[in-house]
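Chemist: Structure file model-v8.txt (compact mmCIF, C-alpha atoms) right here:
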# COMPACT_ATOMS: atom_id res chain seq x y z
CA MET A 1 3.68 59.56 7.03
CA ILE A 2 0.79 58.36 4.89
CA GLN A 3 2.43 54.91 4.67
CA ASP A 4 2.71 54.75 8.47
CA ASP A 5 -1.00 55.59 8.81
CA GLN A 6 -1.90 52.80 6.38
CA ASN A 7 0.24 50.27 8.27
CA THR A 8 -1.35 51.32 11.55
CA THR A 9 -4.85 50.97 10.08
CA THR A 10 -4.02 47.52 8.67
CA SER A 11 -2.65 46.41 12.04
CA LEU A 12 -5.78 47.62 13.80
CA ASP A 13 -7.98 45.79 11.26
CA LEU A 14 -6.06 42.53 11.75
CA ALA A 15 -6.20 42.92 15.51
CA LYS A 16 -9.96 43.35 15.36
CA ILE A 17 -10.38 40.34 13.05
CA ARG A 18 -8.31 38.20 15.41
CA GLU A 19 -10.42 39.33 18.36
CA ASP A 20 -13.53 38.31 16.42
CA ILE A 21 -11.98 34.91 15.62
CA ASP A 22 -11.18 34.36 19.31
CA SER A 23 -14.75 35.26 20.22
CA VAL A 24 -16.19 32.88 17.61
CA ASP A 25 -13.83 30.10 18.74
CA GLN A 26 -15.09 30.50 22.28
CA GLN A 27 -18.71 30.26 21.11
CA ILE A 28 -17.97 27.18 19.01
CA GLN A 29 -16.26 25.50 21.95
CA GLN A 30 -19.19 26.24 24.26
CA LEU A 31 -21.67 24.88 21.71
CA ILE A 32 -19.65 21.70 21.12
CA ASN A 33 -19.55 21.06 24.86
CA ARG A 34 -23.29 21.75 25.03
CA ARG A 35 -23.83 19.15 22.31
CA ALA A 36 -21.68 16.69 24.25
CA GLN A 37 -23.78 17.29 27.37
CA LEU A 38 -26.91 16.51 25.34
CA ALA A 39 -25.26 13.31 24.09
CA GLU A 40 -24.63 12.27 27.69
CA ALA A 41 -28.27 13.02 28.48
CA VAL A 42 -29.32 10.80 25.55
CA ALA A 43 -27.19 7.97 26.94
CA LYS A 44 -28.79 8.25 30.38
CA ALA A 45 -32.28 8.28 28.86
CA LYS A 46 -31.51 5.19 26.76
CA PHE A 47 -30.10 3.26 29.73
CA ALA A 48 -33.19 4.15 31.76
CA ALA A 49 -35.61 3.06 29.02
CA GLU A 50 -33.87 0.05 27.46
CA GLU A 51 -32.04 -2.99 28.76
CA SER A 52 -29.57 -3.12 25.84
CA PRO A 53 -29.80 0.27 24.12
CA LEU A 54 -28.40 1.04 20.68
CA PHE A 55 -26.16 4.09 20.61
CA TYR A 56 -24.98 4.12 17.01
CA ARG A 57 -27.92 4.98 14.75
CA PRO A 58 -26.82 4.95 11.09
CA GLU A 59 -30.06 6.45 9.80
CA ARG A 60 -29.93 9.31 12.32
CA GLU A 61 -26.28 10.13 11.54
CA ALA A 62 -26.99 10.10 7.80
CA GLN A 63 -29.90 12.49 8.29
CA VAL A 64 -27.79 14.86 10.40
CA LEU A 65 -24.96 14.92 7.84
CA ARG A 66 -27.38 15.48 4.95
CA ASN A 67 -28.96 18.38 6.86
CA VAL A 68 -25.51 19.86 7.50
CA MET A 69 -24.74 19.78 3.78
CA GLU A 70 -28.13 21.15 2.74
CA ARG A 71 -28.00 24.19 5.02
CA ASN A 72 -24.34 24.97 4.41
CA GLU A 73 -23.81 28.42 2.92
CA GLY A 74 -20.00 28.38 2.53
CA PRO A 75 -17.28 29.39 2.11
CA LEU A 76 -16.40 25.88 3.36
CA SER A 77 -17.58 23.15 1.00
CA ASP A 78 -20.51 20.90 1.91
CA VAL A 79 -18.20 17.89 2.25
CA THR A 80 -15.70 19.74 4.44
CA MET A 81 -18.48 20.93 6.73
CA ALA A 82 -19.96 17.42 6.95
CA ARG A 83 -16.55 15.98 7.86
CA LEU A 84 -16.22 18.47 10.71
CA PHE A 85 -19.60 17.37 12.01
CA ARG A 86 -18.63 13.72 11.57
CA GLU A 87 -15.79 14.22 14.07
CA ILE A 88 -18.03 16.08 16.50
CA MET A 89 -20.55 13.25 16.29
CA SER A 90 -17.80 10.67 16.74
CA ALA A 91 -16.56 12.38 19.92
CA CYS A 92 -20.09 12.66 21.29
CA LEU A 93 -20.86 9.00 20.52
CA ALA A 94 -17.69 8.00 22.38
CA LEU A 95 -19.07 9.85 25.43
CA GLU A 96 -22.33 7.90 25.20
CA ALA A 97 -20.75 4.49 24.60
CA PRO A 98 -17.40 3.87 22.84
CA GLN A 99 -17.91 1.81 19.67
CA SER A 100 -15.42 -0.88 18.61
CA ILE A 101 -15.06 -1.47 14.87
CA ALA A 102 -13.52 -4.64 13.44
CA PHE A 103 -11.94 -4.32 10.01
CA LEU A 104 -9.58 -6.01 7.59
CA GLY A 105 -6.20 -4.93 8.89
CA PRO A 106 -3.48 -4.21 9.57
CA ILE A 107 -3.45 -0.60 10.74
CA GLY A 108 -2.77 1.73 7.85
CA THR A 109 -4.82 -0.04 5.16
CA TYR A 110 -7.47 1.65 3.04
CA THR A 111 -10.08 -0.23 5.06
CA HIS A 112 -8.66 1.50 8.14
CA SER A 113 -9.06 4.83 6.33
CA ALA A 114 -12.67 3.91 5.54
CA VAL A 115 -13.34 3.15 9.22
CA LEU A 116 -12.07 6.59 10.23
CA LYS A 117 -14.02 8.29 7.45
CA HIS A 118 -17.30 6.66 8.52
CA PHE A 119 -16.94 6.41 12.31
CA GLY A 120 -14.49 9.22 13.05
CA GLN A 121 -11.26 9.35 15.02
CA ASP A 122 -12.88 8.38 18.33
CA ALA A 123 -13.92 4.89 17.21
CA ILE A 124 -12.04 1.99 18.80
CA VAL A 125 -10.40 0.13 15.91
CA ARG A 126 -9.88 -3.66 15.86
CA PRO A 127 -7.67 -4.69 12.90
CA LEU A 128 -8.07 -8.38 11.98
CA PRO A 129 -6.14 -10.51 9.47
CA THR A 130 -9.07 -11.82 7.38
CA ILE A 131 -12.57 -10.85 6.27
CA ASP A 132 -13.92 -14.05 7.85
CA GLU A 133 -12.60 -12.96 11.23
CA VAL A 134 -14.27 -9.56 10.90
CA PHE A 135 -17.62 -11.32 10.44
CA ARG A 136 -16.95 -13.70 13.36
CA ASP A 137 -15.84 -10.85 15.64
CA VAL A 138 -19.09 -8.96 15.10
CA GLU A 139 -21.23 -12.11 15.31
CA ALA A 140 -19.65 -12.94 18.67
CA GLY A 141 -20.15 -9.42 20.01
CA SER A 142 -16.41 -8.81 20.40
CA ALA A 143 -16.86 -5.75 18.17
CA ASN A 144 -19.92 -3.56 17.85
CA TYR A 145 -19.61 -3.33 14.08
CA GLY A 146 -17.41 -4.44 11.21
CA LEU A 147 -16.27 -2.85 7.98
CA VAL A 148 -15.33 -4.91 4.93
CA PRO A 149 -14.48 -4.06 1.29
CA VAL A 150 -17.05 -5.22 -1.26
CA GLU A 151 -16.05 -3.75 -4.63
CA ASN A 152 -13.51 -1.58 -6.39
CA SER A 153 -14.30 0.50 -9.47
CA SER A 154 -11.12 -0.72 -11.19
CA GLU A 155 -10.72 -4.30 -9.96
CA GLY A 156 -14.33 -5.37 -9.44
CA VAL A 157 -16.09 -7.24 -6.65
CA VAL A 158 -14.43 -8.68 -3.51
CA ASN A 159 -15.69 -12.27 -3.75
CA HIS A 160 -14.57 -13.22 -0.25
CA THR A 161 -16.90 -10.63 1.31
CA LEU A 162 -19.89 -11.81 -0.72
CA ASP A 163 -19.20 -15.44 0.20
CA CYS A 164 -19.17 -14.56 3.91
CA PHE A 165 -22.71 -13.18 3.63
CA LYS A 166 -24.00 -16.56 2.42
CA SER A 167 -23.60 -18.07 5.88
CA SER A 168 -23.63 -15.03 8.16
CA PRO A 169 -26.67 -13.78 10.11
CA LEU A 170 -25.30 -10.22 10.13
CA ASN A 171 -26.98 -7.29 8.45
CA VAL A 172 -25.57 -4.60 6.19
CA ILE A 173 -26.18 -1.36 8.10
CA GLY A 174 -24.17 1.16 6.10
CA GLU A 175 -21.82 1.79 3.21
CA VAL A 176 -18.66 3.84 2.71
CA GLU A 177 -17.20 5.03 -0.57
CA LEU A 178 -13.50 5.86 -0.42
CA ARG A 179 -11.55 7.47 -3.27
CA ILE A 180 -8.33 5.47 -3.47
CA HIS A 181 -5.16 7.51 -3.86
CA HIS A 182 -1.91 5.53 -3.95
CA GLN A 183 1.26 7.15 -2.60
CA PHE A 184 4.79 6.13 -3.53
CA LEU A 185 6.65 5.89 -0.22
CA VAL A 186 10.27 5.73 0.84
CA SER A 187 11.92 5.69 4.25
CA GLU A 188 14.71 7.82 5.63
CA ASN A 189 17.07 4.91 4.83
CA THR A 190 16.04 4.60 1.18
CA ARG A 191 18.58 5.42 -1.50
CA LYS A 192 16.13 6.99 -3.93
CA ASP A 193 18.40 6.48 -6.96
CA SER A 194 18.95 2.77 -6.18
CA ILE A 195 15.46 1.36 -5.68
CA LYS A 196 15.44 -2.34 -6.63
CA GLN A 197 12.03 -3.46 -5.30
CA ILE A 198 8.57 -1.95 -4.96
CA TYR A 199 6.20 -3.51 -2.43
CA ALA A 200 2.40 -3.31 -2.50
CA HIS A 201 -0.75 -5.38 -2.49
CA GLN A 202 -1.40 -7.22 -5.75
CA GLN A 203 -4.43 -5.05 -6.63
CA THR A 204 -2.49 -1.86 -5.92
CA LEU A 205 0.32 -2.90 -8.25
CA ALA A 206 -2.33 -3.53 -10.92
CA GLN A 207 -3.94 -0.13 -10.33
CA CYS A 208 -0.58 1.65 -10.73
CA ARG A 209 0.83 -0.47 -13.56
CA LYS A 210 1.00 2.25 -16.24
CA TRP A 211 2.62 4.77 -13.89
CA LEU A 212 5.19 2.19 -12.77
CA ASP A 213 5.92 1.20 -16.38
CA VAL A 214 6.85 4.82 -17.13
CA HIS A 215 8.71 5.79 -13.94
CA TYR A 216 10.21 2.50 -12.66
CA PRO A 217 10.18 0.17 -15.68
CA GLY A 218 13.05 -2.07 -14.59
CA VAL A 219 12.23 -2.37 -10.91
CA GLU A 220 10.88 -5.63 -9.45
CA ARG A 221 7.29 -5.43 -8.14
CA VAL A 222 6.65 -7.60 -5.10
CA ALA A 223 3.07 -8.38 -4.06
CA LEU A 224 2.43 -8.51 -0.30
CA SER A 225 -0.63 -9.25 1.84
CA SER A 226 -1.41 -5.55 2.32
CA ASN A 227 -0.13 -2.07 1.52
CA ALA A 228 0.35 -1.45 5.23
CA GLU A 229 2.72 -4.43 5.37
CA ALA A 230 4.58 -2.92 2.41
CA ALA A 231 4.92 0.37 4.27
CA ARG A 232 6.12 -1.37 7.43
CA ARG A 233 8.68 -3.46 5.57
CA ILE A 234 10.59 -0.61 3.90
CA ARG A 235 11.35 1.19 7.16
CA ASN A 236 14.58 -0.79 7.54
CA GLU A 237 15.47 -1.36 3.89
CA TRP A 238 17.62 0.97 1.79
CA HIS A 239 16.82 -0.47 -1.64
CA SER A 240 13.00 -0.65 -1.60
CA ALA A 241 9.91 1.51 -1.86
CA ALA A 242 6.23 0.91 -1.09
CA ILE A 243 2.87 1.95 -2.48
CA ALA A 244 0.32 2.65 0.24
CA SER A 245 -2.10 5.20 1.65
CA GLU A 246 -1.36 8.57 3.19
CA ILE A 247 -2.45 7.22 6.57
CA ALA A 248 0.17 4.44 6.25
CA ALA A 249 2.81 7.07 5.47
CA ASN A 250 1.88 8.91 8.67
CA ILE A 251 1.73 5.79 10.85
CA TYR A 252 5.07 4.39 9.67
CA GLU A 253 6.75 7.82 9.36
CA LEU A 254 7.55 7.55 5.66
CA GLU A 255 8.13 10.15 2.97
CA ILE A 256 5.67 10.49 0.10
CA LEU A 257 8.06 10.66 -2.85
CA HIS A 258 5.26 10.69 -5.48
CA SER A 259 1.59 11.45 -4.80
CA ASN A 260 -1.56 9.94 -6.32
CA ILE A 261 0.11 7.54 -8.73
CA GLU A 262 -3.00 5.47 -9.51
CA ASP A 263 -3.71 5.05 -13.23
CA ASN A 264 -7.41 5.86 -12.77
CA PRO A 265 -7.95 9.09 -10.79
CA GLU A 266 -11.59 8.05 -10.17
CA ASN A 267 -10.52 4.78 -8.53
CA THR A 268 -12.97 4.16 -5.68
CA THR A 269 -13.58 1.31 -3.26
CA ARG A 270 -16.96 0.64 -1.69
CA PHE A 271 -17.11 -0.83 1.81
CA LEU A 272 -20.03 -2.26 3.77
CA VAL A 273 -20.68 -1.75 7.47
CA ILE A 274 -21.99 -4.92 9.12
CA GLY A 275 -23.87 -5.24 12.41
CA ARG A 276 -26.43 -7.30 14.28
CA GLU A 277 -29.41 -4.92 14.14
CA LYS A 278 -31.70 -3.69 11.37
CA VAL A 279 -31.77 -0.02 10.35
CA PRO A 280 -34.94 2.09 9.94
CA PRO A 281 -35.37 4.26 6.81
CA SER A 282 -33.24 7.41 6.56
CA GLY A 283 -34.90 8.93 3.50
CA ASN A 284 -32.17 7.95 1.03
CA ASP A 285 -31.43 4.26 1.34
CA LYS A 286 -30.15 1.16 -0.39
CA THR A 287 -31.07 -2.49 0.09
CA SER A 288 -28.85 -5.52 -0.46
CA LEU A 289 -30.42 -8.89 -1.33
CA LEU A 290 -29.13 -12.46 -1.61
CA VAL A 291 -31.16 -14.51 -4.10
CA SER A 292 -30.74 -18.26 -4.65
CA ALA A 293 -32.30 -19.10 -8.00
CA HIS A 294 -33.57 -22.34 -9.49
CA ASP A 295 -31.36 -23.86 -12.18
CA ARG A 296 -33.50 -23.16 -15.23
CA ALA A 297 -33.46 -20.99 -18.33
CA GLY A 298 -34.68 -17.44 -17.78
CA ALA A 299 -34.27 -17.56 -14.00
CA LEU A 300 -32.47 -14.21 -13.81
CA LEU A 301 -35.03 -12.52 -16.07
CA GLU A 302 -37.81 -13.73 -13.75
CA ILE A 303 -35.97 -12.22 -10.80
CA LEU A 304 -35.37 -8.87 -12.48
CA ALA A 305 -38.86 -8.34 -13.91
CA PRO A 306 -40.57 -7.29 -10.62
CA PHE A 307 -37.93 -4.59 -10.03
CA ALA A 308 -38.73 -3.03 -13.39
CA LYS A 309 -42.46 -3.40 -12.73
CA TYR A 310 -42.20 -1.42 -9.47
CA ASN A 311 -39.75 1.13 -10.88
CA ILE A 312 -36.87 0.11 -8.63
CA SER A 313 -33.35 1.04 -9.75
CA LEU A 314 -30.71 -1.67 -9.37
CA THR A 315 -27.17 -0.48 -8.64
CA SER A 316 -25.33 -3.82 -8.69
CA ILE A 317 -25.80 -7.50 -9.60
CA GLU A 318 -23.09 -10.05 -8.79
CA THR A 319 -23.08 -13.85 -9.16
CA ARG A 320 -21.38 -16.38 -6.89
CA PRO A 321 -21.37 -20.20 -6.89
CA ALA A 322 -23.86 -21.73 -4.42
CA LEU A 323 -21.39 -24.27 -3.05
CA PRO A 324 -21.44 -27.22 -2.49
CA GLU A 325 -24.06 -27.56 -5.25
CA LYS A 326 -22.68 -28.01 -8.76
CA TRP A 327 -23.65 -25.37 -11.36
CA ALA A 328 -25.89 -23.56 -8.88
CA TYR A 329 -25.57 -19.83 -8.24
CA VAL A 330 -26.67 -17.07 -5.92
CA PHE A 331 -27.17 -13.46 -6.94
CA PHE A 332 -26.20 -10.47 -4.82
CA ILE A 333 -28.40 -7.52 -5.80
CA ASP A 334 -28.15 -3.92 -4.59
CA LEU A 335 -31.07 -1.59 -5.20
CA GLU A 336 -32.19 1.93 -4.38
CA GLY A 337 -34.79 2.10 -1.63
CA HIS A 338 -35.59 0.60 1.78
CA VAL A 339 -37.28 -2.73 2.43
CA GLU A 340 -40.02 -0.89 4.35
CA GLN A 341 -41.03 1.01 1.20
CA ASP A 342 -44.17 -0.40 -0.41
CA ASN A 343 -42.65 -0.90 -3.87
CA VAL A 344 -39.53 -2.65 -2.57
CA ARG A 345 -41.59 -4.92 -0.31
CA ALA A 346 -43.98 -5.74 -3.17
CA ALA A 347 -41.14 -6.64 -5.56
CA ILE A 348 -39.52 -8.95 -3.01
CA GLU A 349 -42.84 -10.74 -2.37
CA GLU A 350 -43.34 -11.29 -6.10
CA ILE A 351 -39.87 -12.78 -6.42
CA ARG A 352 -40.14 -15.06 -3.37
CA PRO A 353 -42.18 -17.90 -5.00
CA LEU A 354 -39.91 -17.86 -8.07
CA VAL A 355 -36.65 -18.68 -6.23
CA LYS A 356 -35.22 -21.10 -3.69
CA GLU A 357 -34.47 -18.28 -1.26
CA ILE A 358 -34.46 -14.50 -1.13
CA ARG A 359 -32.85 -12.88 1.89
CA VAL A 360 -32.62 -9.20 2.75
CA LEU A 361 -29.02 -8.65 3.82
CA GLY A 362 -29.90 -5.16 4.96
CA SER A 363 -31.45 -1.80 4.18
CA TYR A 364 -29.15 1.11 5.07
CA PRO A 365 -28.41 4.78 4.33
CA ALA A 366 -26.68 5.48 1.04
CA ALA A 367 -23.16 6.85 1.51
CA VAL A 368 -23.24 10.55 2.43
CA LEU A 369 -19.54 11.48 2.29
Can the structure from this file be put into structure tokens for me?
Modeler:
Amino acid sequence: MIQDDQNTTTSLDLAKIREDIDSVDQQIQQLINRRAQLAEAVAKAKFAAEESPLFYRPEREAQVLRNVMERNEGPLSDVTMARLFREIMSACLALEAPQSIAFLGPIGTYTHSAVLKHFGQDAIVRPLPTIDEVFRDVEAGSANYGLVPVENSSEGVVNHTLDCFKSSPLNVIGEVELRIHHQFLVSENTRKDSIKQIYAHQQTLAQCRKWLDVHYPGVERVALSSNAEAARRIRNEWHSAAIASEIAANIYELEILHSNIEDNPENTTRFLVIGREKVPPSGNDKTSLLVSAHDRAGALLEILAPFAKYNISLTSIETRPALPEKWAYVFFIDLEGHVEQDNVRAAIEEIRPLVKEIRVLGSYPAAVL
């Protein structure tokens, strides 16, 4: 009898909790729709005040996400809460004006994952075959924004992206950092005990070399143009496997046979968001510079000295040939701060007479998620 009373009490408690959950869900839904109505009101106000209004505001979104994380009290983590808000913001932005995002395709690549992480599921994605075409698509206005890889913590800088900036008028308006987890994929047709080939992008094969040496030492590794192409190819092959992202596994309906096989668990790729406008300060920003130096001894030291003088932290320095000149170079420099800050502006002005050219590629919010 006592046991029956306890079961009844537990059932009543669960019923009450579920009623409370339903009530909270209703309130959340009403508030999300209220936010969407306000987004529509913003769109109407912008159209009334401006001929060609900007709807995506990187600095505003960064501020909102930082505020979400700062006021979060749990039990959900700060990052989880910010990701929920990212999707709400993405849906609301799509109501104002759908945003098209060009990126290095095909669908299912890590760059595609970075697009969804930064812009949310409601962005209109435009996969393109080369980084050059991403730049051209945004320059022509065929896409609102572009997203391109710029460096990987294991493999280094993406030279092709840096070279595109040398001739492009576009600005860097944001950055995305994506932890890279490689999945070992097979299809429903794969004979798992008879795998003869493993497909992946060249860099991916390099990033998983030690794991492959241990688990598939005698299997041929075939480099393809992308991991997504590797995932697509194995759908109709019985003797092959692929290394690709979780999103590729979902898109191409593949089984993840082994998870997170990368040799370096901290493996991260940084992407840049490119657009035609400049971005106001957000409160926590970075600036990217292109500097063409004179060919003389001590040129780089001259360039770096003003940053130290004004207490500016540099996060990256990369060198690329200044073609078609022989033995001439340009430096790509990333620093903490916004070009509108007094110390950043002062450093740039001190450097200007010392070099052939110094160009601000963009000031933009530092990655939040």
Chemist: Which one of A:Glu177, A:Glu262, A:Glu70, A:Glu253 sits closest to Gln203 in chain A if you count only C-alpha atoms?
Modeler: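 Once distances to Gln203 in chain A are computed over only C-alpha atoms, the minimum belongs to A:Glu262.
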Chemist: Of the residues A:Val273, A:Ile317, A:Ile348, A:Leu335, which is the one nearest to Asn171 in chain A, using only C-alpha atoms?
Modeler: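 Using only C-alpha atoms, the shortest distance to Asn171 in chain A belongs to A:Val273.
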Chemist: Env of Glu155 in chain A: 9 Å cut, atoms = only C-alpha atoms, seq-sep filter 4 positions within chain, self excluded. Answer as a list in words.
Modeler: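 In the requested form, the answer reads Glu151, Gln203, Ala206 and Gln207 of chain A.
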Chemist: Report the distance between CA of Pro324 in chain A and CA of Val158 in chain A in Å, rounded to one decimal place.
Modeler: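 Interatomic distance here is 19.8 Å.
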Chemist: Of the candidates A:Ile243, A:Ile351, A:Ala97, A:Val134, which shows the shortest atom-to-atom distance to Lys309 in chain A, using only C-alpha atoms?
Modeler: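 Closest candidate: A:Ile351.
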Chemist: Tell me, as JSON, numbers by chain, which residues lie within 12 Å of Ala242 in chain A, counting all atoms listed in the file; anything in the same chain fewer than 6 positions away does not count.
Modeler: {"A": [182, 183, 184, 185, 186, 187, 190, 192, 195, 196, 197, 198, 199, 200, 201, 204, 205, 208, 212, 219, 220, 221, 222, 223, 224, 226, 227, 228, 229, 230, 231, 232, 233, 234, 235, 248, 249, 252, 254, 255, 256, 257, 258, 261]}
Chemist: Hey, which of A:Glu139, A:Asp193, A:Glu357, A:Asp132 ends up closest to Glu277 in chain A? Count all atoms listed in the file.
Modeler: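 Result for the nearest residue to Glu277 in chain A: A:Glu139.
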Chemist: Rank A:Arg71, A:Lys326, A:Arg35, A:Lys16 by their smallest atom-to-atom distance to Met89 in chain A, using all atoms listed in the file, and report the top residue only.
Modeler: A:Arg35
Chemist: Do you have the CA of Arg191 in chain A-CA of Tyr216 in chain A distance handy?
Modeler: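 Value for the CA of Arg191 in chain A-CA of Tyr216 in chain A distance: 14.3 Å.
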Chemist: Extending 5 Å beyond the listed atoms of range 82-97 of chain A on each side, what axis-aligned box results? I want centre and edge lengths in Å to one decimal, as lines of an AutoDock Vina configuration file.
Modeler:
center_x = -19.1
center_y = 11.5
center_z = 16.2
size_x = 16.5
size_y = 24.0
size_z = 28.5
Chemist: Go ahead and compute the interatomic distance for CA of Ala299 in chain A and CA of Leu162 in chain A, in Å to one decimal.
Modeler: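 Computing the Euclidean distance for CA of Ala299 in chain A and CA of Leu162 in chain A yields 20.4 Å.
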Chemist: Which is closest to Pro321 in chain A among A:Asp13, A:Asp334, A:Asp163, A:Glu40, if we use only C-alpha atoms?
Modeler: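 Selected residue with least distance to Pro321 in chain A: A:Asp163.
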Chemist: Write only all heavy atoms for range 119-126 of chain A from the block just shown, as a tab-separated table (two decimals), in the first residue's frame.
Modeler:
chain	number	residue	atom	x	y	z
A	119	PHE	N	25.99	31.76	-39.65
A	119	PHE	CA	24.78	32.41	-40.17
A	119	PHE	C	23.49	31.68	-39.81
A	119	PHE	O	22.41	32.24	-40.02
A	119	PHE	CB	24.87	32.55	-41.69
A	119	PHE	CG	25.86	33.58	-42.16
A	119	PHE	CD1	27.14	33.22	-42.53
A	119	PHE	CD2	25.52	34.93	-42.22
A	119	PHE	CE1	28.06	34.16	-42.95
A	119	PHE	CE2	26.42	35.88	-42.64
A	119	PHE	CZ	27.70	35.49	-43.01
A	120	GLY	N	23.59	30.46	-39.31
A	120	GLY	CA	22.40	29.72	-38.93
A	120	GLY	C	21.78	28.96	-40.09
A	120	GLY	O	22.14	29.13	-41.26
A	121	GLN	N	20.80	28.14	-39.76
A	121	GLN	CA	20.18	27.24	-40.73
A	121	GLN	C	19.33	27.96	-41.77
A	121	GLN	O	19.00	27.38	-42.81
A	121	GLN	CB	19.31	26.21	-40.00
A	121	GLN	CG	20.08	25.31	-39.04
A	121	GLN	CD	20.95	24.30	-39.75
A	121	GLN	OE1	20.67	23.92	-40.88
A	121	GLN	NE2	22.02	23.88	-39.10
A	122	ASP	N	18.94	29.21	-41.51
A	122	ASP	CA	18.06	29.91	-42.44
A	122	ASP	C	18.80	30.71	-43.50
A	122	ASP	O	18.17	31.37	-44.34
A	122	ASP	CB	17.10	30.83	-41.67
A	122	ASP	CG	15.96	30.06	-41.03
A	122	ASP	OD1	14.96	29.82	-41.72
A	122	ASP	OD2	16.08	29.67	-39.86
A	123	ALA	N	20.12	30.67	-43.49
A	123	ALA	CA	20.89	31.32	-44.55
A	123	ALA	C	20.71	30.56	-45.86
A	123	ALA	O	20.53	29.34	-45.87
A	123	ALA	CB	22.36	31.37	-44.18
A	124	ILE	N	20.75	31.28	-46.96
A	124	ILE	CA	20.70	30.67	-48.30
A	124	ILE	C	22.12	30.37	-48.72
A	124	ILE	O	22.94	31.28	-48.88
A	124	ILE	CB	20.03	31.61	-49.31
A	124	ILE	CG1	18.61	31.94	-48.87
A	124	ILE	CG2	20.02	30.98	-50.70
A	124	ILE	CD1	17.96	33.04	-49.69
A	125	VAL	N	22.46	29.10	-48.88
A	125	VAL	CA	23.85	28.72	-49.16
A	125	VAL	C	24.10	28.61	-50.67
A	125	VAL	O	23.25	28.13	-51.41
A	125	VAL	CB	24.22	27.40	-48.45
A	125	VAL	CG1	24.16	27.58	-46.94
A	125	VAL	CG2	23.31	26.26	-48.87
A	126	ARG	N	25.30	29.08	-51.08
A	126	ARG	CA	25.70	29.05	-52.49
A	126	ARG	C	27.07	28.38	-52.58
A	126	ARG	O	28.10	29.06	-52.52
A	126	ARG	CB	25.77	30.46	-53.06
A	126	ARG	CG	24.42	31.12	-53.27
A	126	ARG	CD	24.59	32.57	-53.75
A	126	ARG	NE	25.36	32.68	-54.97
A	126	ARG	CZ	24.86	32.55	-56.20
A	126	ARG	NH1	23.57	32.27	-56.35
A	126	ARG	NH2	25.63	32.68	-57.28
